[in-house]
file run_1.cif (mmCIF, C-alpha atoms and all ligand atoms)
data_run
loop_
_atom_site.group_PDB
_atom_site.id
_atom_site.type_symbol
_atom_site.label_atom_id
_atom_site.label_comp_id
_atom_site.auth_asym_id
_atom_site.auth_seq_id
_atom_site.Cartn_x
_atom_site.Cartn_y
_atom_site.Cartn_z
ATOM 1 C CA MET J 281 -104.851 -58.960 -13.201
ATOM 2 C CA PHE J 282 -106.096 -55.387 -13.419
ATOM 3 C CA GLY J 283 -109.208 -53.838 -11.979
ATOM 4 C CA PRO J 284 -110.304 -51.038 -9.663
ATOM 5 C CA PRO J 285 -110.190 -51.590 -5.899
ATOM 6 C CA GLY J 286 -113.042 -53.933 -5.078
ATOM 7 C CA ALA J 287 -113.128 -55.490 -8.549
ATOM 8 C CA GLY J 288 -112.390 -58.937 -7.158
ATOM 9 C CA LYS J 289 -108.823 -59.211 -8.474
ATOM 10 C CA GLY J 290 -107.625 -61.234 -5.498
ATOM 11 C CA THR J 291 -110.533 -63.672 -5.613
ATOM 12 C CA GLN J 292 -110.294 -64.293 -9.360
ATOM 13 C CA ALA J 293 -106.484 -64.393 -9.417
ATOM 14 C CA GLN J 294 -106.423 -67.015 -6.677
ATOM 15 C CA LEU J 295 -108.995 -69.167 -8.471
ATOM 16 C CA LEU J 296 -106.940 -68.996 -11.673
ATOM 17 C CA ALA J 297 -103.734 -69.752 -9.802
ATOM 18 C CA LYS J 298 -105.304 -72.842 -8.265
ATOM 19 C CA LYS J 299 -106.684 -74.169 -11.537
ATOM 20 C CA HIS J 300 -103.573 -73.576 -13.641
ATOM 21 C CA SER J 301 -100.965 -74.192 -10.901
ATOM 22 C CA TRP J 302 -99.713 -70.626 -11.222
ATOM 23 C CA ARG J 303 -98.132 -68.680 -8.383
ATOM 24 C CA TRP J 304 -100.371 -65.888 -7.060
ATOM 25 C CA LEU J 305 -98.331 -62.745 -6.477
ATOM 26 C CA SER J 306 -100.442 -60.073 -4.791
ATOM 27 C CA THR J 307 -98.471 -56.973 -3.889
ATOM 28 C CA GLY J 308 -101.341 -55.789 -1.663
ATOM 29 C CA GLN J 309 -101.191 -59.054 0.278
ATOM 30 C CA LEU J 310 -97.395 -59.006 0.537
ATOM 31 C CA LEU J 311 -97.585 -55.439 1.870
ATOM 32 C CA ARG J 312 -100.359 -56.313 4.342
ATOM 33 C CA ASP J 313 -98.078 -59.100 5.628
ATOM 34 C CA SER J 314 -95.212 -56.629 6.131
ATOM 35 C CA ASP J 315 -94.214 -55.742 9.692
ATOM 36 C CA ASP J 316 -93.148 -52.227 8.703
ATOM 37 C CA PRO J 317 -95.535 -49.666 10.296
ATOM 38 C CA ARG J 318 -94.493 -47.114 7.646
ATOM 39 C CA ILE J 319 -95.945 -49.344 4.912
ATOM 40 C CA HIS J 320 -99.189 -49.859 6.838
ATOM 41 C CA ALA J 321 -99.581 -46.095 7.326
ATOM 42 C CA ILE J 322 -99.241 -45.479 3.574
ATOM 43 C CA MET J 323 -101.740 -48.219 2.776
ATOM 44 C CA LYS J 324 -104.205 -46.862 5.280
ATOM 45 C CA SER J 325 -104.121 -43.515 3.479
ATOM 46 C CA GLY J 326 -104.895 -45.199 0.151
ATOM 47 C CA ALA J 327 -101.682 -43.874 -1.409
ATOM 48 C CA LEU J 328 -99.219 -45.991 -3.324
ATOM 49 C CA VAL J 329 -96.162 -47.441 -1.634
ATOM 50 C CA SER J 330 -92.921 -46.035 -3.126
ATOM 51 C CA ASP J 331 -91.303 -47.638 -6.139
ATOM 52 C CA ASP J 332 -88.132 -48.269 -4.110
ATOM 53 C CA ASP J 333 -90.128 -50.336 -1.626
ATOM 54 C CA MET J 334 -92.096 -52.057 -4.393
ATOM 55 C CA ASN J 335 -88.930 -53.012 -6.286
ATOM 56 C CA ILE J 336 -87.704 -54.829 -3.182
ATOM 57 C CA VAL J 337 -91.047 -56.523 -2.500
ATOM 58 C CA VAL J 338 -91.616 -57.664 -6.088
ATOM 59 C CA GLY J 339 -87.934 -58.424 -6.733
ATOM 60 C CA ASN J 340 -87.775 -60.694 -3.687
ATOM 61 C CA ALA J 341 -91.073 -62.382 -4.504
ATOM 62 C CA LEU J 342 -90.053 -63.128 -8.100
ATOM 63 C CA ALA J 343 -86.625 -64.331 -6.990
ATOM 64 C CA GLY J 344 -88.354 -66.936 -4.825
ATOM 65 C CA ILE J 345 -90.375 -68.438 -7.687
ATOM 66 C CA PRO J 346 -88.719 -71.153 -9.803
ATOM 67 C CA SER J 347 -88.318 -70.083 -13.439
ATOM 68 C CA GLY J 348 -90.598 -72.843 -14.729
ATOM 69 C CA VAL J 349 -93.529 -71.669 -12.610
ATOM 70 C CA ASP J 350 -95.894 -69.141 -14.159
ATOM 71 C CA VAL J 351 -97.034 -66.184 -12.122
ATOM 72 C CA ILE J 352 -100.306 -64.314 -11.935
ATOM 73 C CA MET J 353 -99.670 -60.797 -10.701
ATOM 74 C CA ASP J 354 -102.451 -59.088 -8.795
ATOM 75 C CA GLY J 355 -102.141 -55.372 -8.065
ATOM 76 C CA TYR J 356 -98.849 -54.860 -9.890
ATOM 77 C CA PRO J 357 -97.825 -52.903 -11.904
ATOM 78 C CA ARG J 358 -99.928 -49.854 -11.046
ATOM 79 C CA ILE J 359 -97.970 -46.996 -12.655
ATOM 80 C CA PRO J 360 -95.803 -46.687 -15.796
ATOM 81 C CA GLU J 361 -92.562 -46.743 -13.758
ATOM 82 C CA GLN J 362 -93.543 -50.125 -12.283
ATOM 83 C CA ALA J 363 -94.547 -51.473 -15.698
ATOM 84 C CA LYS J 364 -91.169 -50.460 -17.125
ATOM 85 C CA TRP J 365 -89.359 -51.970 -14.134
ATOM 86 C CA LEU J 366 -91.263 -55.243 -14.532
ATOM 87 C CA ILE J 367 -90.548 -55.495 -18.259
ATOM 88 C CA LYS J 368 -86.837 -54.998 -17.533
ATOM 89 C CA LYS J 369 -86.842 -57.424 -14.588
ATOM 90 C CA ASN J 370 -88.656 -60.021 -16.685
ATOM 91 C CA LYS J 371 -85.925 -59.840 -19.314
ATOM 92 C CA GLU J 372 -83.319 -60.609 -16.630
ATOM 93 C CA LEU J 373 -85.396 -63.533 -15.373
ATOM 94 C CA GLY J 374 -86.326 -64.926 -18.784
ATOM 95 C CA ARG J 375 -89.979 -64.155 -18.188
ATOM 96 C CA ARG J 376 -92.522 -62.166 -20.173
ATOM 97 C CA ILE J 377 -95.963 -60.706 -19.689
ATOM 98 C CA ASP J 378 -98.260 -63.025 -21.579
ATOM 99 C CA THR J 379 -101.742 -61.675 -21.002
ATOM 100 C CA VAL J 380 -103.322 -58.810 -19.117
ATOM 101 C CA ILE J 381 -106.781 -59.377 -17.698
ATOM 102 C CA SER J 382 -108.788 -56.307 -16.817
ATOM 103 C CA LEU J 383 -111.839 -56.767 -14.628
ATOM 104 C CA VAL J 384 -114.367 -54.116 -15.544
ATOM 105 C CA VAL J 385 -116.615 -53.085 -12.663
ATOM 106 C CA SER J 386 -118.501 -49.804 -12.215
ATOM 107 C CA ASP J 387 -117.489 -47.426 -9.417
ATOM 108 C CA GLU J 388 -120.972 -47.815 -7.968
ATOM 109 C CA GLU J 389 -120.560 -51.583 -7.665
ATOM 110 C CA THR J 390 -116.983 -51.467 -6.301
ATOM 111 C CA PHE J 391 -117.977 -48.982 -3.597
ATOM 112 C CA LYS J 392 -120.826 -51.256 -2.573
ATOM 113 C CA ARG J 393 -118.475 -54.240 -2.353
ATOM 114 C CA LEU J 394 -115.757 -52.389 -0.442
ATOM 115 C CA ASN J 395 -118.302 -51.192 2.092
ATOM 116 C CA GLY J 396 -119.063 -54.795 2.887
ATOM 117 C CA ARG J 397 -115.440 -55.932 3.094
ATOM 118 C CA GLY J 398 -114.201 -53.947 6.077
ATOM 119 C CA ARG J 399 -110.443 -53.966 5.447
ATOM 120 C CA ALA J 400 -108.410 -51.221 7.219
ATOM 121 C CA ASP J 401 -108.109 -49.326 3.927
ATOM 122 C CA ASP J 402 -111.796 -49.621 2.998
ATOM 123 C CA THR J 403 -112.989 -46.356 4.586
ATOM 124 C CA PRO J 404 -114.945 -44.016 2.246
ATOM 125 C CA GLU J 405 -112.062 -41.471 2.088
ATOM 126 C CA THR J 406 -109.469 -44.119 1.289
ATOM 127 C CA MET J 407 -111.738 -45.753 -1.244
ATOM 128 C CA ASN J 408 -111.999 -42.431 -3.091
ATOM 129 C CA VAL J 409 -108.223 -42.037 -3.158
ATOM 130 C CA ARG J 410 -107.659 -45.610 -4.363
ATOM 131 C CA SER J 411 -110.365 -45.478 -6.992
ATOM 132 C CA LYS J 412 -109.067 -42.168 -8.381
ATOM 133 C CA LEU J 413 -105.516 -43.516 -8.449
ATOM 134 C CA TYR J 414 -106.716 -46.537 -10.385
ATOM 135 C CA HIS J 415 -108.503 -44.518 -13.049
ATOM 136 C CA GLN J 416 -105.796 -41.863 -13.364
ATOM 137 C CA LYS J 417 -102.604 -43.900 -13.087
ATOM 138 C CA THR J 418 -103.265 -47.605 -13.526
ATOM 139 C CA GLU J 419 -105.947 -47.839 -16.204
ATOM 140 C CA PRO J 420 -103.783 -46.004 -18.792
ATOM 141 C CA LEU J 421 -101.261 -48.849 -18.494
ATOM 142 C CA LEU J 422 -103.674 -51.040 -20.436
ATOM 143 C CA SER J 423 -103.094 -49.058 -23.623
ATOM 144 C CA LEU J 424 -99.360 -49.003 -22.878
ATOM 145 C CA PHE J 425 -99.401 -52.816 -22.844
ATOM 146 C CA GLU J 426 -101.480 -52.944 -26.017
ATOM 147 C CA ARG J 427 -98.948 -50.716 -27.729
ATOM 148 C CA GLU J 428 -96.252 -53.191 -26.635
ATOM 149 C CA GLY J 429 -98.216 -55.947 -28.384
ATOM 150 C CA ILE J 430 -99.379 -57.631 -25.168
ATOM 151 C CA ALA J 431 -102.893 -59.139 -25.232
ATOM 152 C CA VAL J 432 -105.257 -57.212 -22.978
ATOM 153 C CA VAL J 433 -108.610 -58.857 -22.299
ATOM 154 C CA ARG J 434 -111.388 -56.898 -20.676
ATOM 155 C CA VAL J 435 -113.817 -59.026 -18.716
ATOM 156 C CA ASN J 436 -117.139 -57.990 -17.228
ATOM 157 C CA GLY J 437 -116.435 -58.233 -13.489
ATOM 158 C CA GLU J 438 -120.030 -57.898 -12.314
ATOM 159 C CA GLY J 439 -122.107 -60.860 -11.212
ATOM 160 C CA SER J 440 -121.413 -63.833 -8.960
ATOM 161 C CA VAL J 441 -117.851 -65.020 -8.270
ATOM 162 C CA GLU J 442 -118.588 -68.170 -10.320
ATOM 163 C CA GLU J 443 -120.031 -66.261 -13.275
ATOM 164 C CA ILE J 444 -117.072 -63.904 -13.354
ATOM 165 C CA TYR J 445 -114.597 -66.755 -13.014
ATOM 166 C CA GLU J 446 -116.172 -68.515 -15.988
ATOM 167 C CA ARG J 447 -115.682 -65.382 -18.108
ATOM 168 C CA VAL J 448 -112.134 -64.835 -16.855
ATOM 169 C CA ASP J 449 -111.107 -68.422 -17.452
ATOM 170 C CA ARG J 450 -112.653 -68.454 -20.933
ATOM 171 C CA ALA J 451 -110.734 -65.283 -21.800
ATOM 172 C CA VAL J 452 -107.505 -66.742 -20.446
ATOM 173 C CA GLN J 453 -107.955 -70.026 -22.339
ATOM 174 C CA SER J 454 -108.481 -68.184 -25.610
ATOM 175 C CA CYS J 455 -105.254 -66.231 -25.048
ATOM 176 C CA LEU J 456 -103.277 -69.321 -24.036
ATOM 177 C CA GLN J 457 -104.308 -71.065 -27.270
ATOM 178 C CA LYS J 458 -102.859 -68.258 -29.411
HETATM 179 P P1 LIG R 501 -104.607 -54.038 -3.147
HETATM 180 O O1 LIG R 501 -104.666 -55.208 -2.220
HETATM 181 O O2 LIG R 501 -104.061 -54.397 -4.507
HETATM 182 O O3 LIG R 501 -105.922 -53.310 -3.243
HETATM 183 O O4 LIG R 501 -103.556 -53.015 -2.531
HETATM 184 C C1 LIG R 501 -103.783 -52.428 -1.265
HETATM 185 C C2 LIG R 501 -102.832 -51.266 -1.053
HETATM 186 O O5 LIG R 501 -101.473 -51.732 -1.090
HETATM 187 C C3 LIG R 501 -102.875 -50.170 -2.112
HETATM 188 O O6 LIG R 501 -103.907 -49.236 -1.872
HETATM 189 C C4 LIG R 501 -101.479 -49.557 -1.966
HETATM 190 O O7 LIG R 501 -101.398 -48.738 -0.822
HETATM 191 C C5 LIG R 501 -100.614 -50.787 -1.711
HETATM 192 N N1 LIG R 501 -100.127 -51.390 -2.976
HETATM 193 C C6 LIG R 501 -100.489 -52.589 -3.507
HETATM 194 N N2 LIG R 501 -99.882 -52.802 -4.669
HETATM 195 C C7 LIG R 501 -99.113 -51.702 -4.904
HETATM 196 C C8 LIG R 501 -98.264 -51.304 -5.970
HETATM 197 N N3 LIG R 501 -98.096 -52.061 -7.049
HETATM 198 N N4 LIG R 501 -97.639 -50.101 -5.855
HETATM 199 C C9 LIG R 501 -97.803 -49.303 -4.774
HETATM 200 N N5 LIG R 501 -98.618 -49.614 -3.751
HETATM 201 C C10 LIG R 501 -99.270 -50.806 -3.805
#
call {"tool": "encode", "arguments": {"input": "run_1.cif", "output": "structure tokens"}}
result
Amino acid sequence: MFGPPGAGKGTQAQLLAKKHSWRWLSTGQLLRDSDDPRIHAIMKSGALVSDDDMNIVVGNALAGIPSGVDVIMDGYPRIPEQAKWLIKKNKELGRRIDTVISLVVSDEETFKRLNGRGRADDTPETMNVRSKLYHQKTEPLLSLFEREGIAVVRVNGEGSVEEIYERVDRAVQSCLQK
């Protein structure tokens, strides 16, 4: 599940996970649950946590999910190095990336939403850093996936949670039928 900060990735990913009995794997949530102050300091700045740390977090999370259970990843991968690592890791685990969902929400709308959320990393400065990182580093991964032959579906992420979920689920169903 791709989308800029404040796109509603977590909300939509959890709804999908519930409906399809998938495991929700949110790297942001796993990191927020960490008791390492170093990780919290990085997150508070809006920067990305190092790949070494992420490999441990994601590696451990995937290792704990039975192979027959499908996973919806939320917030990972965010940079080409992570995408490459995941593709390699998936091969080891007998998994593959099936579909990429990209929630499309304007910067104006995401900033409005983040203002109302009040998480520790939702200050205006941090929001700028995170939004820039998304557009510069993460969004280009979508074309990388397309070049790899992975289905990328772009869904309008503006509207009510229910409206967006309907669009997301319809997009997912059409990919699952292929
Ligand atoms: P999120 O909940 O996805 O908005 O992530 C919140 C914060 O956690 C990000 O701003 C990063 O500091 C960190 N984070 C989450 N996922 C990653 C990732 N894949 N790589 C590096 N840092 C991450």
call {"tool": "atom_distance", "arguments": {"input": "run_1.cif", "atom1": "atom C6 of ligand LIG 501 (chain R)", "atom2": "CA of Val384 in chain J"}}
result
18.4 Å
call {"tool": "atom_distance", "arguments": {"input": "run_1.cif", "atom1": "CA of Pro420 in chain J", "atom2": "CA of Lys364 in chain J"}}
result
13.5 Å
call {"tool": "atom_distance", "arguments": {"input": "run_1.cif", "atom1": "CA of Met334 in chain J", "atom2": "CA of Ile367 in chain J"}}
result
14.4 Å
call {"tool": "residues_near_point", "arguments": {"input": "run_1.cif", "point": "(-92.2, -73.2, -14.5)", "cutoff": "12 Å", "atoms": "all atoms listed in the file", "output": "VMD selection string"}}
result
chain J and resid 300 to 303 345 to 351 373 to 375
call {"tool": "axis_aligned_box", "arguments": {"input": "run_1.cif", "around": "ligand LIG 501 (chain R)", "padding_each_side": "6 Å", "output": "AutoDock Vina command-line options"}}
result
--center_x -101.8 --center_y -52.0 --center_z -3.9 --size_x 20.3 --size_y 18.5 --size_z 18.2
call {"tool": "residues_near_ligand", "arguments": {"input": "run_1.cif", "ligand": "ligand LIG 501 (chain R)", "cutoff": "7 Å", "atoms": "only C-alpha atoms and all ligand atoms", "output": "ChimeraX atom specification"}}
result
/J:285,306-309,311,322-324,326-331,334,354-358,410
call {"tool": "residues_around", "arguments": {"input": "run_1.cif", "residues": "Arg434 in chain J", "least_positions_apart": "2", "cutoff": "9 Å", "atoms": "all atoms listed in the file", "output": "VMD selection string"}}
result
chain J and resid 380 to 384 432 436 to 437 448 451
call {"tool": "closest_residue", "arguments": {"input": "run_1.cif", "among": "J:Asn395, J:Thr406, J:Val338, J:Lys368", "to": "Ala321 in chain J", "atoms": "all atoms listed in the file"}}
result
J:Thr406
call {"tool": "residues_around", "arguments": {"input": "run_1.cif", "residues": "Lys299 in chain J", "least_positions_apart": "6", "cutoff": "12 Å", "atoms": "all atoms listed in the file", "output": "VMD selection string"}}
result
chain J and resid 292 to 293 352 445 to 446 449 452 to 453
call {"tool": "residues_around", "arguments": {"input": "run_1.cif", "residues": "Asp387 in chain J", "least_positions_apart": "4", "cutoff": "12 Å", "atoms": "all atoms listed in the file", "output": "PyMOL selection string"}}
result
chain J and resi 283-287+391-394+407-408+410-412+414-415+437-438
